[in-house]
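Pasted below: work-v2.txt, compact mmCIF, N, CA and C atoms.
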```txt
# COMPACT_ATOMS: atom_id res chain seq x y z
N GLN T 1 -7.95 -33.49 22.46
CA GLN T 1 -7.59 -32.16 22.93
C GLN T 1 -6.12 -31.89 22.62
N VAL T 2 -5.87 -30.76 21.97
CA VAL T 2 -4.51 -30.40 21.60
C VAL T 2 -3.83 -29.72 22.77
N GLN T 3 -2.61 -30.15 23.04
CA GLN T 3 -1.80 -29.50 24.07
C GLN T 3 -0.37 -29.31 23.57
N LEU T 4 0.13 -28.11 23.77
CA LEU T 4 1.53 -27.80 23.54
C LEU T 4 2.08 -27.32 24.88
N VAL T 5 3.07 -28.03 25.39
CA VAL T 5 3.59 -27.71 26.72
C VAL T 5 5.06 -27.36 26.61
N GLU T 6 5.36 -26.09 26.89
CA GLU T 6 6.75 -25.63 26.84
C GLU T 6 7.43 -25.84 28.18
N SER T 7 8.73 -26.02 28.13
CA SER T 7 9.53 -26.11 29.34
C SER T 7 10.94 -25.65 29.03
N GLY T 8 11.71 -25.38 30.08
CA GLY T 8 13.11 -25.03 29.90
C GLY T 8 13.44 -23.57 30.09
N GLY T 9 12.45 -22.76 30.34
CA GLY T 9 12.73 -21.34 30.56
C GLY T 9 13.33 -21.11 31.93
N GLY T 10 13.66 -19.86 32.19
CA GLY T 10 14.21 -19.50 33.48
C GLY T 10 15.12 -18.30 33.38
N LEU T 11 15.95 -18.14 34.41
CA LEU T 11 16.87 -17.02 34.48
C LEU T 11 18.25 -17.48 34.02
N VAL T 12 18.82 -16.75 33.07
CA VAL T 12 20.12 -17.09 32.50
C VAL T 12 20.97 -15.82 32.44
N GLN T 13 22.25 -15.96 32.67
CA GLN T 13 23.14 -14.82 32.55
C GLN T 13 23.47 -14.56 31.09
N ALA T 14 23.72 -13.31 30.77
CA ALA T 14 24.12 -12.96 29.41
C ALA T 14 25.34 -13.76 29.00
N GLY T 15 25.29 -14.25 27.76
CA GLY T 15 26.36 -15.10 27.26
C GLY T 15 26.12 -16.57 27.49
N GLY T 16 25.13 -16.88 28.30
CA GLY T 16 24.83 -18.25 28.63
C GLY T 16 23.92 -18.91 27.61
N SER T 17 23.50 -20.13 27.94
CA SER T 17 22.68 -20.93 27.03
C SER T 17 21.45 -21.46 27.76
N ALA T 18 20.45 -21.78 26.98
CA ALA T 18 19.24 -22.42 27.50
C ALA T 18 18.62 -23.24 26.38
N ARG T 19 17.89 -24.26 26.77
CA ARG T 19 17.23 -25.10 25.79
C ARG T 19 15.76 -25.20 26.14
N LEU T 20 14.92 -24.78 25.22
CA LEU T 20 13.48 -24.88 25.39
C LEU T 20 12.97 -26.14 24.70
N SER T 21 11.98 -26.74 25.30
CA SER T 21 11.31 -27.89 24.72
C SER T 21 9.82 -27.62 24.63
N CYS T 22 9.19 -28.19 23.63
CA CYS T 22 7.74 -28.09 23.49
C CYS T 22 7.23 -29.47 23.13
N SER T 23 6.46 -30.05 24.03
CA SER T 23 5.90 -31.38 23.81
C SER T 23 4.46 -31.25 23.35
N ALA T 24 4.13 -31.90 22.24
CA ALA T 24 2.81 -31.78 21.65
C ALA T 24 2.01 -33.07 21.80
N SER T 25 0.73 -32.90 21.98
CA SER T 25 -0.19 -34.03 21.99
C SER T 25 -1.50 -33.61 21.34
N GLY T 26 -2.23 -34.59 20.80
CA GLY T 26 -3.51 -34.29 20.19
C GLY T 26 -3.43 -33.84 18.75
N ILE T 27 -2.22 -33.83 18.17
CA ILE T 27 -2.04 -33.49 16.76
C ILE T 27 -1.15 -34.55 16.11
N ILE T 28 -1.22 -34.59 14.77
CA ILE T 28 -0.27 -35.44 14.05
C ILE T 28 0.98 -34.59 13.89
N PHE T 29 1.89 -34.75 14.83
CA PHE T 29 3.03 -33.84 14.97
C PHE T 29 3.81 -33.70 13.67
N SER T 30 4.07 -34.80 13.00
CA SER T 30 4.93 -34.77 11.82
C SER T 30 4.31 -34.00 10.66
N TRP T 31 3.01 -33.75 10.70
CA TRP T 31 2.34 -33.01 9.65
C TRP T 31 2.42 -31.50 9.85
N ASN T 32 2.85 -31.10 11.04
CA ASN T 32 2.81 -29.69 11.41
C ASN T 32 4.16 -29.00 11.25
N ASP T 33 4.11 -27.77 10.73
CA ASP T 33 5.25 -26.88 10.88
C ASP T 33 5.26 -26.43 12.34
N MET T 34 6.43 -26.41 12.93
CA MET T 34 6.56 -26.02 14.34
C MET T 34 7.41 -24.76 14.43
N ALA T 35 7.03 -23.89 15.33
CA ALA T 35 7.74 -22.62 15.44
C ALA T 35 7.83 -22.17 16.89
N TRP T 36 8.79 -21.32 17.11
CA TRP T 36 8.92 -20.61 18.39
C TRP T 36 8.72 -19.12 18.11
N TYR T 37 7.88 -18.52 18.91
CA TYR T 37 7.66 -17.08 18.90
C TYR T 37 8.06 -16.55 20.28
N ARG T 38 8.23 -15.25 20.35
CA ARG T 38 8.48 -14.65 21.65
C ARG T 38 7.80 -13.29 21.73
N GLN T 39 7.50 -12.90 22.95
CA GLN T 39 6.88 -11.60 23.19
C GLN T 39 7.51 -10.97 24.41
N ALA T 40 8.15 -9.84 24.19
CA ALA T 40 8.75 -9.08 25.28
C ALA T 40 7.73 -8.07 25.80
N PRO T 41 7.89 -7.61 27.02
CA PRO T 41 6.93 -6.65 27.58
C PRO T 41 6.80 -5.42 26.70
N GLY T 42 5.56 -5.07 26.39
CA GLY T 42 5.30 -3.89 25.59
C GLY T 42 5.55 -4.04 24.11
N LYS T 43 5.88 -5.25 23.68
CA LYS T 43 6.17 -5.48 22.26
C LYS T 43 5.23 -6.52 21.68
N GLN T 44 5.17 -6.54 20.36
CA GLN T 44 4.34 -7.54 19.69
C GLN T 44 5.05 -8.89 19.68
N ARG T 45 4.24 -9.93 19.58
CA ARG T 45 4.80 -11.26 19.46
C ARG T 45 5.53 -11.37 18.12
N GLU T 46 6.71 -11.96 18.12
CA GLU T 46 7.51 -12.07 16.91
C GLU T 46 7.98 -13.51 16.70
N LEU T 47 8.13 -13.85 15.43
CA LEU T 47 8.63 -15.17 15.08
C LEU T 47 10.13 -15.25 15.38
N VAL T 48 10.53 -16.30 16.06
CA VAL T 48 11.95 -16.53 16.36
C VAL T 48 12.55 -17.53 15.39
N ALA T 49 11.88 -18.68 15.25
CA ALA T 49 12.41 -19.74 14.39
C ALA T 49 11.27 -20.67 14.01
N VAL T 50 11.39 -21.27 12.84
CA VAL T 50 10.40 -22.22 12.37
C VAL T 50 11.11 -23.41 11.75
N ILE T 51 10.53 -24.57 11.95
CA ILE T 51 11.00 -25.79 11.28
C ILE T 51 9.77 -26.43 10.63
N THR T 52 9.86 -26.66 9.34
CA THR T 52 8.71 -27.18 8.62
C THR T 52 8.56 -28.68 8.85
N SER T 53 7.46 -29.21 8.37
CA SER T 53 7.24 -30.65 8.48
C SER T 53 8.32 -31.42 7.73
N GLY T 54 8.89 -30.78 6.73
CA GLY T 54 9.97 -31.41 5.95
C GLY T 54 11.35 -31.19 6.52
N GLY T 55 11.45 -30.41 7.58
CA GLY T 55 12.73 -30.20 8.23
C GLY T 55 13.46 -28.93 7.86
N SER T 56 12.91 -28.12 6.98
CA SER T 56 13.54 -26.85 6.64
C SER T 56 13.40 -25.87 7.80
N THR T 57 14.41 -25.03 7.97
CA THR T 57 14.40 -24.09 9.08
C THR T 57 14.56 -22.66 8.59
N ASN T 58 14.07 -21.74 9.41
CA ASN T 58 14.23 -20.33 9.13
C ASN T 58 14.27 -19.59 10.46
N TYR T 59 15.05 -18.51 10.48
CA TYR T 59 15.27 -17.81 11.74
C TYR T 59 15.10 -16.30 11.57
N ALA T 60 14.70 -15.65 12.65
CA ALA T 60 14.72 -14.20 12.68
C ALA T 60 16.17 -13.74 12.61
N ASP T 61 16.40 -12.61 11.96
CA ASP T 61 17.77 -12.11 11.82
C ASP T 61 18.44 -11.92 13.18
N SER T 62 17.66 -11.56 14.17
CA SER T 62 18.22 -11.24 15.49
C SER T 62 18.77 -12.47 16.21
N VAL T 63 18.41 -13.66 15.76
CA VAL T 63 18.87 -14.88 16.46
C VAL T 63 19.71 -15.78 15.58
N LYS T 64 19.86 -15.43 14.31
CA LYS T 64 20.65 -16.27 13.40
C LYS T 64 22.07 -16.44 13.93
N GLY T 65 22.52 -17.69 13.89
CA GLY T 65 23.87 -17.99 14.37
C GLY T 65 23.94 -18.24 15.87
N ARG T 66 22.85 -17.94 16.58
CA ARG T 66 22.85 -18.15 18.05
C ARG T 66 21.82 -19.20 18.47
N PHE T 67 20.70 -19.24 17.77
CA PHE T 67 19.62 -20.17 18.13
C PHE T 67 19.52 -21.27 17.09
N THR T 68 19.12 -22.46 17.54
CA THR T 68 18.91 -23.58 16.64
C THR T 68 17.60 -24.27 16.99
N ILE T 69 16.73 -24.40 15.99
CA ILE T 69 15.48 -25.12 16.19
C ILE T 69 15.64 -26.53 15.63
N SER T 70 15.05 -27.49 16.33
CA SER T 70 15.10 -28.88 15.87
C SER T 70 13.83 -29.58 16.32
N ARG T 71 13.58 -30.74 15.75
CA ARG T 71 12.37 -31.48 16.11
C ARG T 71 12.69 -32.96 16.16
N ASP T 72 11.95 -33.67 17.01
CA ASP T 72 12.03 -35.11 17.12
C ASP T 72 10.62 -35.63 16.93
N ASN T 73 10.31 -36.09 15.75
CA ASN T 73 8.95 -36.53 15.46
C ASN T 73 8.56 -37.77 16.27
N ALA T 74 9.54 -38.57 16.62
CA ALA T 74 9.25 -39.75 17.42
C ALA T 74 8.80 -39.39 18.84
N LYS T 75 9.26 -38.22 19.31
CA LYS T 75 8.90 -37.77 20.66
C LYS T 75 7.86 -36.66 20.65
N ASN T 76 7.39 -36.28 19.44
CA ASN T 76 6.42 -35.18 19.33
C ASN T 76 6.91 -33.92 20.03
N THR T 77 8.18 -33.63 19.84
CA THR T 77 8.80 -32.52 20.57
C THR T 77 9.62 -31.65 19.63
N VAL T 78 9.53 -30.35 19.86
CA VAL T 78 10.37 -29.39 19.15
C VAL T 78 11.24 -28.67 20.19
N TYR T 79 12.45 -28.36 19.79
CA TYR T 79 13.42 -27.75 20.71
C TYR T 79 13.89 -26.41 20.16
N LEU T 80 14.35 -25.58 21.08
CA LEU T 80 15.03 -24.35 20.69
C LEU T 80 16.28 -24.24 21.56
N GLN T 81 17.42 -24.46 20.94
CA GLN T 81 18.69 -24.29 21.63
C GLN T 81 19.11 -22.83 21.47
N MET T 82 19.32 -22.17 22.59
CA MET T 82 19.65 -20.75 22.57
C MET T 82 21.03 -20.56 23.19
N ASN T 83 21.94 -20.05 22.40
CA ASN T 83 23.31 -19.80 22.86
C ASN T 83 23.61 -18.30 22.80
N SER T 84 24.66 -17.91 23.48
CA SER T 84 25.09 -16.50 23.48
C SER T 84 23.92 -15.57 23.77
N LEU T 85 23.18 -15.89 24.79
CA LEU T 85 21.97 -15.13 25.10
C LEU T 85 22.30 -13.70 25.49
N LYS T 86 21.39 -12.81 25.09
CA LYS T 86 21.54 -11.38 25.36
C LYS T 86 20.34 -10.91 26.19
N PRO T 87 20.50 -9.82 26.93
CA PRO T 87 19.35 -9.30 27.69
C PRO T 87 18.13 -9.03 26.80
N GLU T 88 18.36 -8.64 25.56
CA GLU T 88 17.23 -8.38 24.66
C GLU T 88 16.50 -9.64 24.21
N ASP T 89 17.02 -10.81 24.56
CA ASP T 89 16.30 -12.06 24.31
C ASP T 89 15.25 -12.33 25.39
N THR T 90 15.23 -11.53 26.42
CA THR T 90 14.26 -11.70 27.49
C THR T 90 12.84 -11.56 26.94
N ALA T 91 12.02 -12.58 27.18
CA ALA T 91 10.65 -12.59 26.66
C ALA T 91 9.94 -13.85 27.14
N VAL T 92 8.66 -13.90 26.89
CA VAL T 92 7.92 -15.15 27.01
C VAL T 92 8.01 -15.84 25.66
N TYR T 93 8.43 -17.08 25.66
CA TYR T 93 8.61 -17.85 24.43
C TYR T 93 7.43 -18.81 24.29
N TYR T 94 6.83 -18.77 23.10
CA TYR T 94 5.65 -19.58 22.82
C TYR T 94 5.94 -20.59 21.71
N CYS T 95 5.42 -21.77 21.89
CA CYS T 95 5.49 -22.80 20.87
C CYS T 95 4.23 -22.73 20.01
N ASN T 96 4.38 -22.94 18.72
CA ASN T 96 3.25 -22.91 17.78
C ASN T 96 3.31 -24.11 16.86
N ALA T 97 2.15 -24.69 16.64
CA ALA T 97 2.01 -25.79 15.68
C ALA T 97 1.04 -25.36 14.60
N ASP T 98 1.44 -25.51 13.36
CA ASP T 98 0.62 -25.04 12.24
C ASP T 98 0.53 -26.12 11.19
N SER T 99 -0.70 -26.62 10.96
CA SER T 99 -0.91 -27.65 9.95
C SER T 99 -1.44 -27.06 8.66
N ARG T 100 -1.45 -25.75 8.55
CA ARG T 100 -2.02 -24.98 7.43
C ARG T 100 -3.54 -24.88 7.55
N LEU T 101 -4.17 -25.80 8.26
CA LEU T 101 -5.61 -25.73 8.49
C LEU T 101 -5.91 -25.16 9.87
N ARG T 102 -5.09 -25.52 10.84
CA ARG T 102 -5.28 -25.04 12.21
C ARG T 102 -3.94 -24.65 12.78
N SER T 103 -4.00 -23.72 13.74
CA SER T 103 -2.79 -23.27 14.42
C SER T 103 -3.04 -23.35 15.91
N TYR T 104 -2.06 -23.86 16.63
CA TYR T 104 -2.20 -24.03 18.07
C TYR T 104 -1.02 -23.38 18.78
N TRP T 105 -1.29 -22.94 20.01
CA TRP T 105 -0.27 -22.26 20.80
C TRP T 105 -0.11 -22.93 22.17
N GLY T 106 1.11 -22.89 22.65
CA GLY T 106 1.36 -23.28 24.02
C GLY T 106 1.10 -22.11 24.96
N GLN T 107 1.30 -22.36 26.24
CA GLN T 107 1.01 -21.34 27.24
C GLN T 107 2.18 -20.38 27.44
N GLY T 108 3.33 -20.73 26.94
CA GLY T 108 4.49 -19.85 27.03
C GLY T 108 5.39 -20.19 28.20
N THR T 109 6.67 -19.89 28.03
CA THR T 109 7.64 -20.06 29.11
C THR T 109 8.54 -18.83 29.14
N GLN T 110 8.78 -18.33 30.34
CA GLN T 110 9.54 -17.10 30.49
C GLN T 110 11.03 -17.38 30.42
N VAL T 111 11.72 -16.59 29.62
CA VAL T 111 13.18 -16.61 29.58
C VAL T 111 13.65 -15.20 29.96
N THR T 112 14.45 -15.12 30.99
CA THR T 112 14.99 -13.85 31.45
C THR T 112 16.51 -13.91 31.40
N VAL T 113 17.11 -12.98 30.68
CA VAL T 113 18.56 -12.94 30.54
C VAL T 113 19.07 -11.73 31.31
N SER T 114 19.87 -11.99 32.32
CA SER T 114 20.40 -10.91 33.14
C SER T 114 21.71 -10.40 32.55
N PRO T 115 21.96 -9.09 32.69
CA PRO T 115 23.18 -8.50 32.11
C PRO T 115 24.44 -9.08 32.75
```

Target encoding structure tokens, full file:
Amino acid sequence: QVQLVESGGGLVQAGGSARLSCSASGIIFSWNDMAWYRQAPGKQRELVAVITSGGSTNYADSVKGRFTISRDNAKNTVYLQMNSLKPEDTAVYYCNADSRLRSYWGQGTQVTVSP
């Protein structure tokens, strides 16, 4: 059974930082591209950052220079370090694992940035 479990969300003041973690089980973690998506109320889910199985990264323009995605294959965990947070970063953040054959989602973790 595949499980992606996010943690690290919560309430943060604007300008502050937060670190999200996503722990995976039931997949060969190192074979998967890992990504963070987010969905704000009334908006579509959007890609925030992705790190490939080879370690390449890509970011949404809105978070470039502020967010950093990383992975620890030994711990089956992907991270999202979020700095200089803005109220518009408020959303539910979802972890995604993609092996090109199957895609899996976590349950999401809420990040709320207060002005």

Contact residues around stretch 8-20 of chain T with only C-alpha atoms at 6 Å, ignoring same-chain residues under 3 positions, as a PyMOL selection string: chain T and resi 79-86+109-115

Keeping only N, CA and C atoms, take the residues you just selected and write them out as an mmCIF file, in the frame of the given file.
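To be explicit, this is the file written out as result.cif:
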```cif
data_model
loop_
_atom_site.group_PDB
_atom_site.id
_atom_site.type_symbol
_atom_site.label_atom_id
_atom_site.label_comp_id
_atom_site.auth_asym_id
_atom_site.auth_seq_id
_atom_site.Cartn_x
_atom_site.Cartn_y
_atom_site.Cartn_z
ATOM 1 N N TYR T 79 12.450 -28.360 19.790
ATOM 2 C CA TYR T 79 13.420 -27.750 20.710
ATOM 3 C C TYR T 79 13.890 -26.410 20.160
ATOM 4 N N LEU T 80 14.350 -25.580 21.080
ATOM 5 C CA LEU T 80 15.030 -24.350 20.690
ATOM 6 C C LEU T 80 16.280 -24.240 21.560
ATOM 7 N N GLN T 81 17.420 -24.460 20.940
ATOM 8 C CA GLN T 81 18.690 -24.290 21.630
ATOM 9 C C GLN T 81 19.110 -22.830 21.470
ATOM 10 N N MET T 82 19.320 -22.170 22.590
ATOM 11 C CA MET T 82 19.650 -20.750 22.570
ATOM 12 C C MET T 82 21.030 -20.560 23.190
ATOM 13 N N ASN T 83 21.940 -20.050 22.400
ATOM 14 C CA ASN T 83 23.310 -19.800 22.860
ATOM 15 C C ASN T 83 23.610 -18.300 22.800
ATOM 16 N N SER T 84 24.660 -17.910 23.480
ATOM 17 C CA SER T 84 25.090 -16.500 23.480
ATOM 18 C C SER T 84 23.920 -15.570 23.770
ATOM 19 N N LEU T 85 23.180 -15.890 24.790
ATOM 20 C CA LEU T 85 21.970 -15.130 25.100
ATOM 21 C C LEU T 85 22.300 -13.700 25.490
ATOM 22 N N LYS T 86 21.390 -12.810 25.090
ATOM 23 C CA LYS T 86 21.540 -11.380 25.360
ATOM 24 C C LYS T 86 20.340 -10.910 26.190
ATOM 25 N N THR T 109 6.670 -19.890 28.030
ATOM 26 C CA THR T 109 7.640 -20.060 29.110
ATOM 27 C C THR T 109 8.540 -18.830 29.140
ATOM 28 N N GLN T 110 8.780 -18.330 30.340
ATOM 29 C CA GLN T 110 9.540 -17.100 30.490
ATOM 30 C C GLN T 110 11.030 -17.380 30.420
ATOM 31 N N VAL T 111 11.720 -16.590 29.620
ATOM 32 C CA VAL T 111 13.180 -16.610 29.580
ATOM 33 C C VAL T 111 13.650 -15.200 29.960
ATOM 34 N N THR T 112 14.450 -15.120 30.990
ATOM 35 C CA THR T 112 14.990 -13.850 31.450
ATOM 36 C C THR T 112 16.510 -13.910 31.400
ATOM 37 N N VAL T 113 17.110 -12.980 30.680
ATOM 38 C CA VAL T 113 18.560 -12.940 30.540
ATOM 39 C C VAL T 113 19.070 -11.730 31.310
ATOM 40 N N SER T 114 19.870 -11.990 32.320
ATOM 41 C CA SER T 114 20.400 -10.910 33.140
ATOM 42 C C SER T 114 21.710 -10.400 32.550
ATOM 43 N N PRO T 115 21.960 -9.090 32.690
ATOM 44 C CA PRO T 115 23.180 -8.500 32.110
ATOM 45 C C PRO T 115 24.440 -9.080 32.750
#
```

Residue among T:Arg100, T:Ser23, T:Tyr94, T:Gln107 lying closest to T:Leu47, counting only C-alpha atoms: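 Smallest distance to T:Leu47 is found for T:Tyr94.
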
Neighbour list for T:Trp105 as a PyMOL selection string, cut-off 6 Å, only N, CA and C atoms, skip fewer than 3 positions in-chain: chain T and resi 4+95-97

Write out as an mmCIF file with N, CA and C atoms, keeping the file's coordinate frame each polymer residue whose atoms come within 7 Å of T:Gln39, counting only C-alpha atoms; drop sequence neighbours fewer than 5 positions from it.
```
data_model
loop_
_atom_site.group_PDB
_atom_site.id
_atom_site.type_symbol
_atom_site.label_atom_id
_atom_site.label_comp_id
_atom_site.auth_asym_id
_atom_site.auth_seq_id
_atom_site.Cartn_x
_atom_site.Cartn_y
_atom_site.Cartn_z
ATOM 1 N N GLN T 44 5.170 -6.540 20.360
ATOM 2 C CA GLN T 44 4.340 -7.540 19.690
ATOM 3 C C GLN T 44 5.050 -8.890 19.680
ATOM 4 N N ARG T 45 4.240 -9.930 19.580
ATOM 5 C CA ARG T 45 4.800 -11.260 19.460
ATOM 6 C C ARG T 45 5.530 -11.370 18.120
ATOM 7 N N GLU T 46 6.710 -11.960 18.120
ATOM 8 C CA GLU T 46 7.510 -12.070 16.910
ATOM 9 C C GLU T 46 7.980 -13.510 16.700
ATOM 10 N N ALA T 91 12.020 -12.580 27.180
ATOM 11 C CA ALA T 91 10.650 -12.590 26.660
ATOM 12 C C ALA T 91 9.940 -13.850 27.140
ATOM 13 N N VAL T 92 8.660 -13.900 26.890
ATOM 14 C CA VAL T 92 7.920 -15.150 27.010
ATOM 15 C C VAL T 92 8.010 -15.840 25.660
ATOM 16 N N TYR T 93 8.430 -17.080 25.660
ATOM 17 C CA TYR T 93 8.610 -17.850 24.430
ATOM 18 C C TYR T 93 7.430 -18.810 24.290
#
```

Minimum-distance residue to T:Ser21, chosen among T:Val63, T:Met34, T:Val48, T:Val5 (using only C-alpha atoms): T:Val5

Non-local contacts of T:Asp33 (9 Å; only C-alpha atoms; under 3 positions in same chain excluded) as a list of chain:residue names: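 These residues fall inside the cut-off: T:Phe29, T:Ser30, T:Val50, T:Ile51, T:Thr52, T:Ser53, T:Gly54, T:Gly55, T:Asn96, T:Ala97, T:Asp98, T:Ser99, T:Arg100.
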
For atom CA of T:Ile28 and atom CA of T:Phe67, the interatomic separation in Å (one decimal):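 So the answer is 25.4 Å.
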
Which of stretch 18-94 of chain T fall in strand (DSSP E or B), as a PyMOL selection string: chain T and resi 18-25+33-39+46-51+57-59+67-72+77-82+91-94

Go ahead and save the residues from that selection, with N, CA and C atoms, as a CSV table (one decimal), in the coordinates of the input.
```csv
chain,number,residue,atom,x,y,z
T,18,ALA,N,20.4,-21.8,27.0
T,18,ALA,CA,19.2,-22.4,27.5
T,18,ALA,C,18.6,-23.2,26.4
T,19,ARG,N,17.9,-24.3,26.8
T,19,ARG,CA,17.2,-25.1,25.8
T,19,ARG,C,15.8,-25.2,26.1
T,20,LEU,N,14.9,-24.8,25.2
T,20,LEU,CA,13.5,-24.9,25.4
T,20,LEU,C,13.0,-26.1,24.7
T,21,SER,N,12.0,-26.7,25.3
T,21,SER,CA,11.3,-27.9,24.7
T,21,SER,C,9.8,-27.6,24.6
T,22,CYS,N,9.2,-28.2,23.6
T,22,CYS,CA,7.7,-28.1,23.5
T,22,CYS,C,7.2,-29.5,23.1
T,23,SER,N,6.5,-30.0,24.0
T,23,SER,CA,5.9,-31.4,23.8
T,23,SER,C,4.5,-31.2,23.4
T,24,ALA,N,4.1,-31.9,22.2
T,24,ALA,CA,2.8,-31.8,21.6
T,24,ALA,C,2.0,-33.1,21.8
T,25,SER,N,0.7,-32.9,22.0
T,25,SER,CA,-0.2,-34.0,22.0
T,25,SER,C,-1.5,-33.6,21.3
T,33,ASP,N,4.1,-27.8,10.7
T,33,ASP,CA,5.2,-26.9,10.9
T,33,ASP,C,5.3,-26.4,12.3
T,34,MET,N,6.4,-26.4,12.9
T,34,MET,CA,6.6,-26.0,14.3
T,34,MET,C,7.4,-24.8,14.4
T,35,ALA,N,7.0,-23.9,15.3
T,35,ALA,CA,7.7,-22.6,15.4
T,35,ALA,C,7.8,-22.2,16.9
T,36,TRP,N,8.8,-21.3,17.1
T,36,TRP,CA,8.9,-20.6,18.4
T,36,TRP,C,8.7,-19.1,18.1
T,37,TYR,N,7.9,-18.5,18.9
T,37,TYR,CA,7.7,-17.1,18.9
T,37,TYR,C,8.1,-16.6,20.3
T,38,ARG,N,8.2,-15.2,20.4
T,38,ARG,CA,8.5,-14.6,21.6
T,38,ARG,C,7.8,-13.3,21.7
T,39,GLN,N,7.5,-12.9,23.0
T,39,GLN,CA,6.9,-11.6,23.2
T,39,GLN,C,7.5,-11.0,24.4
T,46,GLU,N,6.7,-12.0,18.1
T,46,GLU,CA,7.5,-12.1,16.9
T,46,GLU,C,8.0,-13.5,16.7
T,47,LEU,N,8.1,-13.8,15.4
T,47,LEU,CA,8.6,-15.2,15.1
T,47,LEU,C,10.1,-15.2,15.4
T,48,VAL,N,10.5,-16.3,16.1
T,48,VAL,CA,12.0,-16.5,16.4
T,48,VAL,C,12.6,-17.5,15.4
T,49,ALA,N,11.9,-18.7,15.2
T,49,ALA,CA,12.4,-19.7,14.4
T,49,ALA,C,11.3,-20.7,14.0
T,50,VAL,N,11.4,-21.3,12.8
T,50,VAL,CA,10.4,-22.2,12.4
T,50,VAL,C,11.1,-23.4,11.8
T,51,ILE,N,10.5,-24.6,12.0
T,51,ILE,CA,11.0,-25.8,11.3
T,51,ILE,C,9.8,-26.4,10.6
T,57,THR,N,14.4,-25.0,8.0
T,57,THR,CA,14.4,-24.1,9.1
T,57,THR,C,14.6,-22.7,8.6
T,58,ASN,N,14.1,-21.7,9.4
T,58,ASN,CA,14.2,-20.3,9.1
T,58,ASN,C,14.3,-19.6,10.5
T,59,TYR,N,15.0,-18.5,10.5
T,59,TYR,CA,15.3,-17.8,11.7
T,59,TYR,C,15.1,-16.3,11.6
T,67,PHE,N,20.7,-19.2,17.8
T,67,PHE,CA,19.6,-20.2,18.1
T,67,PHE,C,19.5,-21.3,17.1
T,68,THR,N,19.1,-22.5,17.5
T,68,THR,CA,18.9,-23.6,16.6
T,68,THR,C,17.6,-24.3,17.0
T,69,ILE,N,16.7,-24.4,16.0
T,69,ILE,CA,15.5,-25.1,16.2
T,69,ILE,C,15.6,-26.5,15.6
T,70,SER,N,15.0,-27.5,16.3
T,70,SER,CA,15.1,-28.9,15.9
T,70,SER,C,13.8,-29.6,16.3
T,71,ARG,N,13.6,-30.7,15.8
T,71,ARG,CA,12.4,-31.5,16.1
T,71,ARG,C,12.7,-33.0,16.2
T,72,ASP,N,12.0,-33.7,17.0
T,72,ASP,CA,12.0,-35.1,17.1
T,72,ASP,C,10.6,-35.6,16.9
T,77,THR,N,8.2,-33.6,19.8
T,77,THR,CA,8.8,-32.5,20.6
T,77,THR,C,9.6,-31.6,19.6
T,78,VAL,N,9.5,-30.4,19.9
T,78,VAL,CA,10.4,-29.4,19.2
T,78,VAL,C,11.2,-28.7,20.2
T,79,TYR,N,12.4,-28.4,19.8
T,79,TYR,CA,13.4,-27.8,20.7
T,79,TYR,C,13.9,-26.4,20.2
T,80,LEU,N,14.4,-25.6,21.1
T,80,LEU,CA,15.0,-24.4,20.7
T,80,LEU,C,16.3,-24.2,21.6
T,81,GLN,N,17.4,-24.5,20.9
T,81,GLN,CA,18.7,-24.3,21.6
T,81,GLN,C,19.1,-22.8,21.5
T,82,MET,N,19.3,-22.2,22.6
T,82,MET,CA,19.6,-20.8,22.6
T,82,MET,C,21.0,-20.6,23.2
T,91,ALA,N,12.0,-12.6,27.2
T,91,ALA,CA,10.6,-12.6,26.7
T,91,ALA,C,9.9,-13.8,27.1
T,92,VAL,N,8.7,-13.9,26.9
T,92,VAL,CA,7.9,-15.2,27.0
T,92,VAL,C,8.0,-15.8,25.7
T,93,TYR,N,8.4,-17.1,25.7
T,93,TYR,CA,8.6,-17.8,24.4
T,93,TYR,C,7.4,-18.8,24.3
T,94,TYR,N,6.8,-18.8,23.1
T,94,TYR,CA,5.6,-19.6,22.8
T,94,TYR,C,5.9,-20.6,21.7
```

Closest of T:Ser70, T:Ile27, T:Cys22, T:Trp36 to T:Val2 - atom-to-atom distances counting all atoms listed in the file: T:Ile27

Test item: residues at most 6.5 Å from T:Ala24, all atoms listed in the file, excluding those fewer than 6 positions along its chain, as a list in words: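 Selected residues are Gln3, Leu4, Val5, Lys75, Asn76, Thr77 and Val78 of chain T.
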
Written record: stretch 27-50 of chain T, C-alpha atoms, as a short mmCIF file (atom, residue, chain, number, x, y, z; two decimals), in the first residue's frame:
```cif
data_model
loop_
_atom_site.label_atom_id
_atom_site.label_comp_id
_atom_site.auth_asym_id
_atom_site.auth_seq_id
_atom_site.Cartn_x
_atom_site.Cartn_y
_atom_site.Cartn_z
CA ILE T 27 7.09 2.78 -3.56
CA ILE T 28 10.66 2.59 -4.78
CA PHE T 29 11.27 6.17 -3.73
CA SER T 30 14.47 6.73 -5.69
CA TRP T 31 12.72 5.83 -8.95
CA ASN T 32 10.08 8.51 -8.54
CA ASP T 33 10.03 12.16 -9.46
CA MET T 34 8.73 13.96 -6.38
CA ALA T 35 6.78 17.18 -6.40
CA TRP T 36 4.90 19.61 -4.24
CA TYR T 37 1.62 21.07 -5.45
CA ARG T 38 -0.68 23.50 -3.73
CA GLN T 39 -4.32 24.45 -3.94
CA ALA T 40 -5.72 27.67 -2.57
CA PRO T 41 -9.44 28.11 -1.91
CA GLY T 42 -11.33 28.59 -5.15
CA LYS T 43 -8.26 27.93 -7.27
CA GLN T 44 -6.91 25.02 -9.24
CA ARG T 45 -4.14 22.86 -7.91
CA GLU T 46 -0.78 24.14 -9.17
CA LEU T 47 2.73 22.78 -9.33
CA VAL T 48 5.07 24.43 -6.83
CA ALA T 49 8.31 22.48 -7.24
CA VAL T 50 9.56 19.19 -8.60
#
```
